[in-house]
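Peer 1: My structure file data_8.txt, compact mmCIF, C-alpha atoms, is below:
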# COMPACT_ATOMS: atom_id res chain seq x y z
CA MET A 1 39.65 -13.21 -40.46
CA SER A 2 40.68 -16.72 -39.51
CA LEU A 3 43.41 -17.49 -36.97
CA ALA A 4 45.74 -18.63 -39.75
CA GLU A 5 45.18 -15.40 -41.67
CA PHE A 6 45.70 -13.35 -38.51
CA LYS A 7 49.05 -15.06 -37.85
CA LYS A 8 50.19 -14.06 -41.35
CA SER A 9 49.05 -10.45 -41.01
CA ARG A 10 51.18 -7.56 -39.79
CA TRP A 11 48.88 -7.20 -36.76
CA PHE A 12 50.06 -10.55 -35.35
CA LYS A 13 53.45 -9.00 -34.72
CA LEU A 14 51.83 -6.54 -32.35
CA VAL A 15 50.69 -9.42 -30.11
CA TRP A 16 54.28 -9.96 -29.01
CA TRP A 17 54.45 -6.37 -27.80
CA ILE A 18 51.83 -6.99 -25.10
CA PRO A 19 53.93 -9.26 -22.81
CA ALA A 20 57.03 -7.20 -23.60
CA LEU A 21 55.30 -3.99 -22.49
CA LEU A 22 53.95 -5.66 -19.36
CA ILE A 23 57.42 -6.88 -18.40
CA ALA A 24 58.89 -3.45 -19.10
CA PHE A 25 56.17 -1.85 -16.94
CA VAL A 26 56.91 -4.14 -14.00
CA VAL A 27 60.66 -3.52 -14.32
CA VAL A 28 60.16 0.25 -14.38
CA VAL A 29 57.95 0.15 -11.26
CA LEU A 30 60.45 -2.03 -9.38
CA VAL A 31 63.42 0.15 -10.33
CA ALA A 32 61.55 3.35 -9.43
CA ASN A 33 60.61 1.98 -6.01
CA TRP A 34 64.20 0.87 -5.43
CA LEU A 35 65.40 4.37 -6.32
CA ARG A 36 62.92 5.94 -3.93
CA GLY A 37 64.40 3.82 -1.16
CA LEU A 38 67.84 5.38 -1.63
CA PRO A 39 68.48 8.23 0.84
CA ALA A 40 69.90 10.53 -1.85
CA VAL A 41 66.85 10.06 -4.08
CA ALA A 42 64.47 10.50 -1.15
CA ASP A 43 66.20 13.79 -0.28
CA PHE A 44 66.02 14.85 -3.94
CA ILE A 45 62.26 14.22 -4.07
CA GLU A 46 61.78 16.12 -0.81
CA GLN A 47 63.75 19.08 -2.19
CA TYR A 48 61.99 18.97 -5.58
CA PRO A 49 58.50 17.57 -4.94
CA GLY A 50 57.31 18.33 -8.48
CA LYS A 51 55.73 21.79 -8.34
CA ASP A 52 57.76 24.56 -9.95
CA PRO A 53 56.82 27.81 -8.11
CA ALA A 54 57.37 29.80 -11.34
CA ASN A 55 54.26 28.15 -12.85
CA GLU A 56 51.88 28.86 -9.98
CA THR A 57 50.61 32.25 -11.15
CA ALA A 58 47.76 31.21 -13.46
CA THR A 59 44.18 31.91 -12.46
CA PRO A 60 42.80 28.75 -10.75
CA GLY A 61 40.35 26.78 -12.79
CA PHE A 62 39.80 26.43 -16.53
CA PRO A 63 37.90 28.70 -18.93
CA ALA A 64 35.01 27.24 -20.93
CA TRP A 65 36.86 27.71 -24.24
CA LEU A 66 39.58 25.33 -23.07
CA ALA A 67 37.02 22.58 -22.52
CA TRP A 68 35.54 22.73 -26.02
CA GLN A 69 39.01 23.15 -27.50
CA HIS A 70 40.05 19.99 -25.71
CA VAL A 71 37.05 18.07 -27.07
CA LEU A 72 37.54 19.28 -30.64
CA ASN A 73 41.27 18.58 -30.52
CA ALA A 74 40.66 15.03 -29.29
CA PHE A 75 38.15 14.47 -32.11
CA PHE A 76 40.38 15.86 -34.84
CA ILE A 77 43.62 14.20 -33.71
CA LEU A 78 41.86 10.82 -33.60
CA PHE A 79 41.08 11.05 -37.31
CA VAL A 80 44.39 12.69 -38.18
CA ILE A 81 46.07 9.57 -36.81
CA LYS A 82 43.53 7.20 -38.39
CA SER A 83 43.88 8.75 -41.86
CA GLY A 84 47.67 8.82 -41.53
CA ILE A 85 47.75 5.12 -40.70
CA LEU A 86 45.46 4.39 -43.68
CA ILE A 87 47.88 6.20 -45.99
CA ARG A 88 50.74 4.03 -44.75
CA THR A 89 48.92 0.69 -44.70
CA VAL A 90 46.31 0.68 -47.50
CA LYS A 91 47.94 -0.36 -50.77
CA ARG A 92 44.80 -0.03 -52.90
CA PRO A 93 42.74 3.01 -51.89
CA ALA A 94 38.99 2.83 -52.38
CA ALA A 95 39.03 5.88 -54.67
CA TYR A 96 41.03 8.86 -55.89
CA TRP A 97 40.16 12.56 -55.66
CA THR A 98 40.97 15.29 -58.17
CA ARG A 99 40.25 18.99 -57.91
CA ASN A 100 40.39 20.82 -61.22
CA ASN A 101 39.67 24.41 -60.27
CA THR A 102 42.82 25.24 -58.33
CA GLY A 103 46.27 26.29 -59.42
CA LEU A 104 47.79 25.22 -56.11
CA LEU A 105 47.48 21.45 -56.22
CA ARG A 106 49.03 20.93 -59.62
CA THR A 107 52.05 19.02 -60.84
CA LYS A 108 53.53 20.06 -64.20
CA GLY A 109 50.32 21.92 -65.02
CA GLU A 110 48.08 18.92 -64.33
CA PRO A 111 45.62 18.61 -61.43
CA VAL A 112 46.96 16.36 -58.68
CA ARG A 113 45.21 13.04 -58.25
CA ILE A 114 45.40 11.88 -54.64
CA SER A 115 43.92 8.93 -52.83
CA LEU A 116 40.76 9.35 -50.82
CA ASN A 117 42.81 8.63 -47.71
CA HIS A 118 45.18 11.48 -48.58
CA TRP A 119 42.19 13.78 -49.10
CA PHE A 120 40.78 12.73 -45.73
CA HIS A 121 44.15 13.30 -44.04
CA VAL A 122 44.65 16.76 -45.55
CA GLY A 123 41.05 17.77 -44.81
CA ILE A 124 41.04 16.70 -41.17
CA ASP A 125 44.53 18.18 -40.74
CA THR A 126 43.16 21.52 -41.94
CA LEU A 127 40.40 21.43 -39.31
CA TRP A 128 42.94 20.45 -36.64
CA LEU A 129 45.17 23.33 -37.73
CA LEU A 130 42.34 25.88 -37.61
CA ASN A 131 41.36 24.63 -34.15
CA GLY A 132 45.00 24.94 -33.09
CA ILE A 133 45.24 28.54 -34.31
CA VAL A 134 42.19 29.46 -32.23
CA PHE A 135 43.77 27.66 -29.27
CA TYR A 136 47.04 29.59 -29.65
CA VAL A 137 45.22 32.93 -29.79
CA LEU A 138 43.06 32.23 -26.75
CA LEU A 139 46.01 30.78 -24.86
CA PHE A 140 48.00 34.01 -25.13
CA VAL A 141 45.19 36.54 -24.74
CA THR A 142 44.45 34.91 -21.38
CA ASP A 143 46.87 33.83 -18.66
CA GLN A 144 46.46 30.13 -19.46
CA TRP A 145 49.82 30.06 -21.25
CA VAL A 146 51.66 30.25 -17.91
CA ARG A 147 50.36 26.76 -17.10
CA ILE A 148 52.34 25.09 -19.88
CA VAL A 149 55.36 27.33 -20.53
CA PRO A 150 58.43 26.58 -18.35
CA ARG A 151 59.76 29.75 -16.79
CA SER A 152 62.65 28.53 -14.65
CA TRP A 153 65.36 25.88 -14.88
CA ASP A 154 63.97 24.28 -11.70
CA VAL A 155 61.26 22.74 -13.84
CA PHE A 156 63.72 20.01 -14.90
CA PRO A 157 64.64 18.60 -11.45
CA HIS A 158 60.98 18.92 -10.44
CA ALA A 159 59.99 17.00 -13.58
CA LEU A 160 62.55 14.25 -12.88
CA SER A 161 61.20 13.93 -9.34
CA THR A 162 57.64 13.73 -10.68
CA ALA A 163 58.65 11.05 -13.20
CA ILE A 164 60.15 8.90 -10.43
CA GLN A 165 56.98 9.33 -8.36
CA TYR A 166 54.74 8.34 -11.25
CA ALA A 167 56.95 5.38 -12.17
CA SER A 168 56.88 4.09 -8.60
CA LEU A 169 53.06 4.29 -8.64
CA HIS A 170 53.18 6.72 -5.71
CA TRP A 171 51.34 9.55 -7.44
CA PRO A 172 52.42 13.12 -6.73
CA ALA A 173 49.76 15.43 -5.32
CA GLU A 174 47.21 16.36 -8.00
CA THR A 175 46.46 20.09 -8.07
CA GLY A 176 45.65 20.50 -11.75
CA TRP A 177 42.81 22.91 -11.01
CA VAL A 178 45.43 25.37 -9.72
CA ASN A 179 48.54 24.45 -11.70
CA TYR A 180 50.23 21.48 -13.38
CA ASN A 181 53.22 19.63 -12.01
CA ALA A 182 56.58 20.15 -13.71
CA LEU A 183 56.41 16.97 -15.81
CA GLN A 184 52.99 17.97 -17.12
CA VAL A 185 54.33 21.44 -17.96
CA LEU A 186 57.18 19.98 -20.03
CA ALA A 187 54.92 17.40 -21.71
CA TYR A 188 52.26 19.95 -22.66
CA PHE A 189 54.88 22.45 -23.80
CA ALA A 190 56.59 19.85 -26.00
CA THR A 191 53.25 18.76 -27.48
CA VAL A 192 51.80 22.22 -28.12
CA PHE A 193 54.91 24.14 -29.16
CA ILE A 194 57.22 21.49 -30.64
CA ALA A 195 55.40 18.33 -31.78
CA ALA A 196 52.32 20.06 -33.22
CA PRO A 197 54.26 22.64 -35.30
CA LEU A 198 56.63 19.92 -36.52
CA ALA A 199 53.67 17.77 -37.55
CA ILE A 200 52.27 20.67 -39.57
CA ILE A 201 55.59 21.69 -41.15
CA THR A 202 56.52 18.14 -42.16
CA GLY A 203 52.98 17.38 -43.31
CA LEU A 204 52.80 20.44 -45.55
CA ARG A 205 56.12 19.49 -47.12
CA MET A 206 54.64 16.16 -48.23
CA VAL A 207 51.23 17.31 -49.53
CA PRO A 208 50.91 15.99 -53.10
CA GLY A 209 51.10 18.89 -55.52
CA LEU A 210 52.86 21.18 -53.06
CA ALA A 211 56.10 19.20 -53.22
CA ASP A 212 56.97 20.70 -56.62
CA ARG A 213 56.36 24.20 -55.32
CA PHE A 214 58.87 23.62 -52.52
CA LYS A 215 61.66 22.59 -54.91
CA PRO A 216 63.65 25.82 -54.29
CA ILE A 217 64.17 24.73 -50.68
CA GLU A 218 64.84 21.06 -51.49
CA ARG A 219 68.49 21.35 -50.46
CA ILE A 220 67.83 22.76 -47.01
CA TYR A 221 64.51 20.98 -46.40
CA PRO A 222 64.26 17.85 -48.57
CA VAL A 223 60.96 16.04 -48.74
CA ASN A 224 62.68 12.84 -47.55
CA LEU A 225 63.55 14.59 -44.30
CA ALA A 226 59.89 15.49 -43.84
CA ARG A 227 58.92 11.85 -44.40
CA LEU A 228 61.59 10.72 -41.95
CA LEU A 229 60.26 13.00 -39.20
CA HIS A 230 56.51 12.83 -39.80
CA PHE A 231 55.92 9.23 -38.72
CA PRO A 232 57.92 9.44 -35.44
CA ILE A 233 55.94 12.59 -34.60
CA MET A 234 52.74 10.58 -35.00
CA LEU A 235 54.17 7.93 -32.68
CA TYR A 236 54.93 10.66 -30.16
CA PHE A 237 51.29 11.79 -30.26
CA LEU A 238 50.13 8.19 -29.76
CA LEU A 239 52.43 7.82 -26.76
CA PHE A 240 51.34 11.17 -25.33
CA ILE A 241 47.64 10.32 -25.72
CA PHE A 242 48.08 6.89 -24.12
CA VAL A 243 49.99 8.24 -21.11
CA HIS A 244 47.69 11.25 -20.80
CA VAL A 245 44.50 9.17 -20.77
CA PHE A 246 46.07 6.56 -18.46
CA LEU A 247 47.07 9.18 -15.88
CA VAL A 248 43.75 11.05 -16.14
CA LEU A 249 41.89 7.84 -15.33
CA THR A 250 44.25 6.60 -12.60
CA THR A 251 45.01 9.78 -10.67
CA GLY A 252 41.44 10.75 -9.89
CA ALA A 253 39.23 10.17 -12.93
CA ILE A 254 36.08 11.88 -11.64
CA ASN A 255 37.87 15.04 -10.53
CA ASN A 256 40.12 15.21 -13.62
CA LEU A 257 37.20 14.74 -16.02
CA ASN A 258 35.22 17.42 -14.17
CA HIS A 259 38.12 19.83 -14.71
CA MET A 260 38.24 19.41 -18.47
CA TYR A 261 34.68 18.49 -19.41
CA ALA A 262 32.51 20.25 -16.84
CA ILE A 263 34.76 23.14 -15.68
CA ARG A 264 34.21 22.36 -12.03
CA ASN A 265 36.38 21.16 -9.15
CA ASP A 266 34.24 18.62 -7.33
CA ASP A 267 33.26 14.96 -7.28
CA SER A 268 30.08 15.21 -9.38
CA TRP A 269 29.44 12.85 -12.30
CA LEU A 270 28.92 15.61 -14.85
CA GLY A 271 32.46 15.48 -16.25
CA LEU A 272 32.27 11.71 -16.65
CA ILE A 273 28.92 12.01 -18.43
CA TRP A 274 30.25 14.57 -20.92
CA PHE A 275 33.37 12.47 -21.41
CA GLY A 276 31.17 9.47 -22.18
CA VAL A 277 29.15 11.51 -24.67
CA SER A 278 32.34 12.62 -26.45
CA ILE A 279 33.56 9.01 -26.65
CA VAL A 280 30.23 7.92 -28.16
CA VAL A 281 30.39 10.73 -30.75
CA MET A 282 33.94 9.75 -31.73
CA ALA A 283 32.98 6.07 -31.94
CA VAL A 284 29.98 6.86 -34.14
CA ALA A 285 32.12 9.07 -36.39
CA TRP A 286 34.78 6.34 -36.57
CA VAL A 287 32.20 3.85 -37.86
CA ALA A 288 30.33 6.37 -40.04
CA LEU A 289 33.32 7.77 -41.93
CA ARG A 290 33.52 4.85 -44.33
CA PRO A 291 34.85 5.23 -47.90
CA SER A 292 31.30 5.67 -49.23
CA ILE A 293 30.63 8.60 -46.87
CA LEU A 294 34.06 10.12 -47.51
CA THR A 295 33.44 9.82 -51.26
CA MET A 296 30.17 11.71 -50.93
CA ILE A 297 31.83 14.52 -48.93
CA ALA A 298 34.91 14.67 -51.19
CA SER A 299 32.68 14.94 -54.26
CA LEU A 300 31.53 18.35 -53.07
CA GLY A 301 34.95 19.80 -53.87
CA GLY A 302 36.24 17.67 -56.69
CA LYS A 303 35.91 14.51 -58.73
CA VAL A 304 36.15 11.10 -57.08
CA ARG A 305 36.91 8.09 -59.24
CA ARG A 306 37.73 4.52 -58.39
Would it be possible to restate this file's structure as structure tokens?
Peer 2:
Amino acid sequence: MSLAEFKKSRWFKLVWWIPALLIAFVVVVLVANWLRGLPAVADFIEQYPGKDPANETATPGFPAWLAWQHVLNAFFILFVIKSGILIRTVKRPAAYWTRNNTGLLRTKGEPVRISLNHWFHVGIDTLWLLNGIVFYVLLFVTDQWVRIVPRSWDVFPHALSTAIQYASLHWPAETGWVNYNALQVLAYFATVFIAAPLAIITGLRMVPGLADRFKPIERIYPVNLARLLHFPIMLYFLLFIFVHVFLVLTTGAINNLNHMYAIRNDDSWLGLIWFGVSIVVMAVAWVALRPSILTMIASLGGKVRR
């Protein structure tokens, strides 16, 4: 793509966000440091340092299942987002998929014809959903749920204190091996128990072929409402992933990666190595899952035509 073509594309508009975000970042850091200099705010942070005692009862450390769940979730959500963006941006899909041997995906008695990108999105969403169900079950049959479920109102002032500390670039003490700080608790709770279910509920409402079957609830849950909510939910996940990765890498990358990829609380390089391997696998999959490969996979369960 030439420079002239790039300037005419929609991606050129994103270039202007870079200096805007940098300016906003500097302003936030300056304001947060100014706030920390105020006696009342300093006293507030001292009273609510960021750790809610109600969430300190989980068994220290992480079980092995949480590590592989984390890796699979990262892999699936990457392609959930990629396929969702393709649906919104690609005007002429490479191919269309039709499944004839199901009574579910039909509109007015005819098999639904969906784009290859829609097929990819629904398929990877299904894998993400199955992985999430396993995660929910394991979360509640162990004591890991206490890490991410707020259990006292004090979590909110602790979270506000933690946010000010992060924004001022004076990181709060990292004790993730034992328990999360209050802001992490709220963020993980919102992601696991609010954003993820909403993504599934709104996504199901928009699946081609299922829309007609949901007509009885059109008045209380119109498909336009699902479309209105689904995209902002994706933006939330993008924001969460960006902030999550940024903080993991800036608040003690080696130790944090060991927690989630090597299930150990030390300064070895094993977590970083496994993290690197997972990144390579995702990068290879990103390149490999071209329309030709997707067409070959989709053909196993239906007809693909251009």
Peer 1: Any idea what the distance is between atom CA of Met282 of chain A and atom CA of Ala94 of chain A?
Peer 2: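 Straight-line distance from atom CA of Met282 of chain A to atom CA of Ala94 of chain A works out to 22.4 Å.
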Peer 1: To one decimal place in Å, what is the distance between atom CA of Ile114 of chain A and atom CA of Ile297 of chain A?
Peer 2: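 Interatomic distance here is 15.0 Å.
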Peer 1: Using all atoms listed in the file, what table do you get, as CSV, when you list each residue of segment 91-209 of chain A with an atom no more than 6 Å from segment 40-52 of chain A, its nearest pair of atoms, and their distance in Å rounded to one decimal, rows by chain then rising number?
Peer 2:
residue,atom,partner,partner_atom,distance
A:Val155,CA,A:Asp52,CA,5.5
A:His158,CA,A:Gly50,CA,4.2
A:Ala159,CA,A:Gly50,CA,5.9
A:Ser161,CA,A:Ile45,CA,5.4
A:Thr162,CA,A:Gly50,CA,5.1
A:Asn181,CA,A:Lys51,CA,4.9
A:Ala182,CA,A:Gly50,CA,5.6
Peer 1: Which neighbours of His121 of chain A fall inside 12 Å, counting only C-alpha atoms, when residues of the same chain fewer than 6 positions from it are skipped, and could you give them as a ChimeraX atom specification?
Peer 2: /A:76-88,114-115,127-129,200,203-204,206-208,294,298
Peer 1: Segment 231-250 of chain A, all listed atoms, 3 Å padding on each side: what axis-aligned box centre and edge lengths in Å to one decimal come out, as AutoDock Vina command-line options?
Peer 2:
--center_x 49.9 --center_y 9.6 --center_z -25.7 --size_x 22.0 --size_y 12.0 --size_z 32.1
